[in-house]
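To be precise, the following lines are upload25.cif, and they hold mmCIF, C-alpha atoms and all ligand atoms.
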data_protein
#
loop_
_atom_site.group_PDB
_atom_site.id
_atom_site.type_symbol
_atom_site.label_atom_id
_atom_site.label_comp_id
_atom_site.auth_asym_id
_atom_site.auth_seq_id
_atom_site.Cartn_x
_atom_site.Cartn_y
_atom_site.Cartn_z
ATOM 1 C CA MET A 13 21.997 7.278 6.896
ATOM 2 C CA LEU A 14 20.595 5.249 4.009
ATOM 3 C CA THR A 15 23.456 6.312 1.727
ATOM 4 C CA TYR A 16 26.005 5.330 4.344
ATOM 5 C CA LYS A 17 24.482 1.907 4.876
ATOM 6 C CA LEU A 18 24.310 1.233 1.144
ATOM 7 C CA ASN A 19 27.885 2.426 0.642
ATOM 8 C CA ASP A 20 28.981 0.008 3.302
ATOM 9 C CA SER A 21 27.636 -2.912 1.297
ATOM 10 C CA GLY A 22 28.912 -1.583 -2.036
ATOM 11 C CA LYS A 23 25.542 -0.336 -3.250
ATOM 12 C CA ILE A 24 24.297 3.011 -4.475
ATOM 13 C CA LEU A 25 21.210 5.070 -3.719
ATOM 14 C CA VAL A 26 19.058 6.043 -6.701
ATOM 15 C CA LYS A 27 17.099 9.257 -6.270
ATOM 16 C CA VAL A 28 13.826 9.694 -8.088
ATOM 17 C CA ASP A 29 12.851 13.229 -9.028
ATOM 18 C CA ARG A 30 10.388 14.671 -6.497
ATOM 19 C CA PHE A 31 8.033 15.603 -9.301
ATOM 20 C CA PHE A 32 7.807 12.054 -10.587
ATOM 21 C CA PRO A 33 4.056 11.201 -10.412
ATOM 22 C CA SER A 34 4.493 8.004 -8.364
ATOM 23 C CA SER A 35 1.019 8.088 -6.819
ATOM 24 C CA LYS A 36 -0.865 9.235 -9.889
ATOM 25 C CA ARG A 37 0.742 6.941 -12.436
ATOM 26 C CA CYS A 38 -0.752 3.506 -13.083
ATOM 27 C CA SER A 39 2.050 1.008 -12.409
ATOM 28 C CA VAL A 40 0.597 -1.346 -15.033
ATOM 29 C CA CYS A 41 0.014 0.842 -18.107
ATOM 30 C CA HIS A 42 1.746 4.116 -16.978
ATOM 31 C CA GLU A 43 -1.341 6.240 -17.625
ATOM 32 C CA VAL A 44 -1.340 9.255 -15.269
ATOM 33 C CA ASN A 45 -4.535 9.860 -13.289
ATOM 34 C CA HIS A 46 -4.618 13.651 -12.943
ATOM 35 C CA ASP A 47 -7.861 13.508 -10.969
ATOM 36 C CA LEU A 48 -6.404 11.501 -8.070
ATOM 37 C CA LYS A 49 -6.827 13.309 -4.752
ATOM 38 C CA LEU A 50 -4.757 12.896 -1.574
ATOM 39 C CA SER A 51 -7.823 11.399 0.108
ATOM 40 C CA ASP A 52 -8.139 8.642 -2.516
ATOM 41 C CA ARG A 53 -6.622 5.567 -0.898
ATOM 42 C CA GLU A 54 -7.731 3.287 -3.720
ATOM 43 C CA TRP A 55 -8.503 3.990 -7.338
ATOM 44 C CA THR A 56 -9.172 2.263 -10.641
ATOM 45 C CA CYS A 57 -7.161 3.112 -13.748
ATOM 46 C CA GLN A 58 -9.410 4.534 -16.466
ATOM 47 C CA SER A 59 -7.086 3.228 -19.127
ATOM 48 C CA CYS A 60 -6.470 -0.438 -18.243
ATOM 49 C CA GLY A 61 -9.025 -1.009 -15.460
ATOM 50 C CA THR A 62 -6.493 -2.099 -12.819
ATOM 51 C CA HIS A 63 -7.667 -1.429 -9.256
ATOM 52 C CA HIS A 64 -4.878 0.117 -7.175
ATOM 53 C CA ASP A 65 -4.027 0.525 -3.522
ATOM 54 C CA ARG A 66 -2.514 4.028 -3.538
ATOM 55 C CA ASP A 67 0.625 3.182 -1.552
ATOM 56 C CA LYS A 68 1.365 -0.137 -3.249
ATOM 57 C CA ASN A 69 0.949 1.445 -6.674
ATOM 58 C CA SER A 70 3.259 4.266 -5.644
ATOM 59 C CA CYS A 71 5.895 1.786 -4.404
ATOM 60 C CA LYS A 72 5.808 -0.153 -7.678
ATOM 61 C CA ASN A 73 6.214 3.059 -9.659
ATOM 62 C CA LEU A 74 9.166 4.229 -7.573
ATOM 63 C CA LEU A 75 10.848 0.840 -7.849
ATOM 64 C CA ASP A 76 10.309 0.767 -11.633
ATOM 65 C CA GLU A 77 11.543 4.337 -11.998
ATOM 66 C CA GLY A 78 14.605 3.604 -9.841
ATOM 67 C CA LYS A 79 15.467 0.587 -11.996
ATOM 68 C CA ASP A 80 14.896 2.649 -15.120
ATOM 69 C CA ILE A 81 17.267 5.382 -13.877
ATOM 70 C CA LEU A 82 19.872 2.728 -13.042
ATOM 71 C CA ASN A 83 19.547 1.185 -16.518
ATOM 72 C CA ARG A 84 19.782 4.581 -18.199
ATOM 73 C CA TRP A 85 22.889 5.413 -16.166
ATOM 74 C CA ALA A 86 24.439 2.015 -16.992
ATOM 75 C CA SER A 87 23.885 2.653 -20.699
ATOM 76 C CA GLY A 88 25.618 6.041 -20.512
ATOM 77 C CA ASP A 89 22.810 8.599 -20.074
ATOM 78 C CA SER A 90 24.720 11.849 -19.470
ATOM 79 C CA SER A 91 21.763 13.538 -17.713
ATOM 80 C CA LEU A 92 22.442 11.283 -14.720
ATOM 81 C CA ILE A 93 25.295 11.684 -12.305
ATOM 82 C CA LEU A 94 26.743 9.412 -9.621
ATOM 83 C CA ALA A 95 28.000 11.559 -6.747
ATOM 84 C CA PRO A 96 31.102 10.515 -4.774
ATOM 85 C CA SER A 97 28.731 9.836 -1.863
ATOM 86 C CA GLY A 98 27.203 6.982 -3.870
ATOM 87 C CA VAL A 99 23.986 8.773 -4.788
ATOM 88 C CA LEU A 100 22.739 8.463 -8.360
ATOM 89 C CA SER A 101 20.351 11.175 -9.534
ATOM 90 C CA GLY A 102 19.421 13.490 -12.361
ATOM 91 C CA LYS A 103 21.672 16.564 -12.636
ATOM 92 C CA LYS A 104 18.703 18.926 -12.441
ATOM 93 C CA LEU A 105 17.578 17.541 -9.088
ATOM 94 C CA HIS A 106 17.725 20.356 -6.551
ATOM 95 C CA PRO A 107 19.663 19.539 -3.336
ATOM 96 C CA GLN A 108 16.760 20.753 -1.211
ATOM 97 C CA ALA A 109 14.519 18.131 -2.790
ATOM 98 C CA HIS A 110 16.480 15.345 -1.081
ATOM 99 C CA SER A 111 14.590 15.229 2.195
ATOM 100 C CA ASN A 112 11.372 14.834 0.266
ATOM 101 C CA VAL A 113 12.396 12.008 -2.059
ATOM 102 C CA ARG A 114 10.026 9.427 -0.587
ATOM 103 C CA GLN A 115 7.092 11.795 -1.035
ATOM 104 C CA GLY A 116 7.854 12.287 -4.720
ATOM 105 C CA GLY A 117 4.980 12.920 -7.066
ATOM 106 C CA GLU A 118 2.444 14.377 -4.684
HETATM 107 ZN ZN ZN A 201 -3.536 1.423 -16.116
#

Starting from the coordinates I provided, produce the structure as structure tokens.
Ligand SMILES: [Zn+2]
Amino acid sequence: MLTYKLNDSGKILVKVDRFFPSSKRCSVCHEVNHDLKLSDREWTCQSCGTHHDRDKNSCKNLLDEGKDILNRWASGDSSLILAPSGVLSGKKLHPQAHSNVRQGGE
């Protein structure tokens, strides 16, 4: 559905690897908080001291990662592939991971 809508307006969908640590990574300094639990709705980065709302931090990380993938693809990174359907992703991404893309990094 999302792919179709984007295609319609000449855009592409960028898929972020499901193992990307979107929730656990600090969106400011990129330090990964390995101690973060699912129940932690807010947390403070031990590295830079930024206080995070879990979901907002995760959104920022996914947006940054998506832009990064797009930039890498635009500069010729051969580990990325744009499918005829208009979906840009890493070659190693397993097809069954697709339904879980928004939950990436848990
Ligand atoms: Zn930080």

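Proximity of A:Cys60, A:Ile81, A:Cys71, A:Val44 to Gly102 in chain A, computed with all atoms listed in the file, is greatest for A:Ile81.
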
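Residues surrounding Leu74 in chain A within 10 Å are Lys27, Val28, Asp29, Phe32, Pro33, Ser34, Ser35, Ser39, Lys68, Asn69, Lys79, Asp80, Arg114, Gly116 and Gly117 of chain A [all atoms listed in the file; sequence separation below 5 positions excluded].
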
Any chance you could work out the residue set of the PyMOL selection byres (((not hetatm)) within 10 of (chain A and resi 201)) here, as an NGL selection string? :A and (37-45 or 56-64)

Using the chain letters and numbers from the file, which residues does the PyMOL selection byres (((chain A and resi 84-92) around 6) and not hetatm) grab, as a PyMOL selection string? chain A and resi 81-83+93+101-103

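Computed from the coordinates, the CA of Met13 in chain A to CA of Leu75 in chain A distance equals 19.6 Å.
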
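Using only C-alpha atoms, the residues found no farther than 7 Å from Arg66 in chain A, other than those of its own chain fewer than 4 positions away, are A:Ser35, A:Arg53, A:Glu54, A:Ser70.
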
For a test of reading the model, state the distance in Å between CA of Pro96 in chain A and CA of Leu18 in chain A, rounded to one decimal. 12.9 Å

In Å, how far is it from CA of Gly78 in chain A to CA of Ser51 in chain A? 25.7 Å

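With only C-alpha atoms as the basis for measurement, A:Val26 is the residue among A:Leu94, A:Lys49, A:Val26, A:Asn73 that approaches Leu14 in chain A most closely.
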
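For the set A:Lys36, A:Asp65, A:Leu25, A:Lys17, the residue with the smallest atom-to-atom gap to Leu100 in chain A is A:Leu25, counting all atoms listed in the file.
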
With 6 Å on each side, where is the centre of the axis-aligned box around all listed atoms of range 55-60 of chain A, and how long are its edges in Å to one decimal, as lines of an AutoDock Vina configuration file?
center_x = -7.9
center_y = 2.0
center_z = -13.2
size_x = 14.9
size_y = 17.0
size_z = 23.8
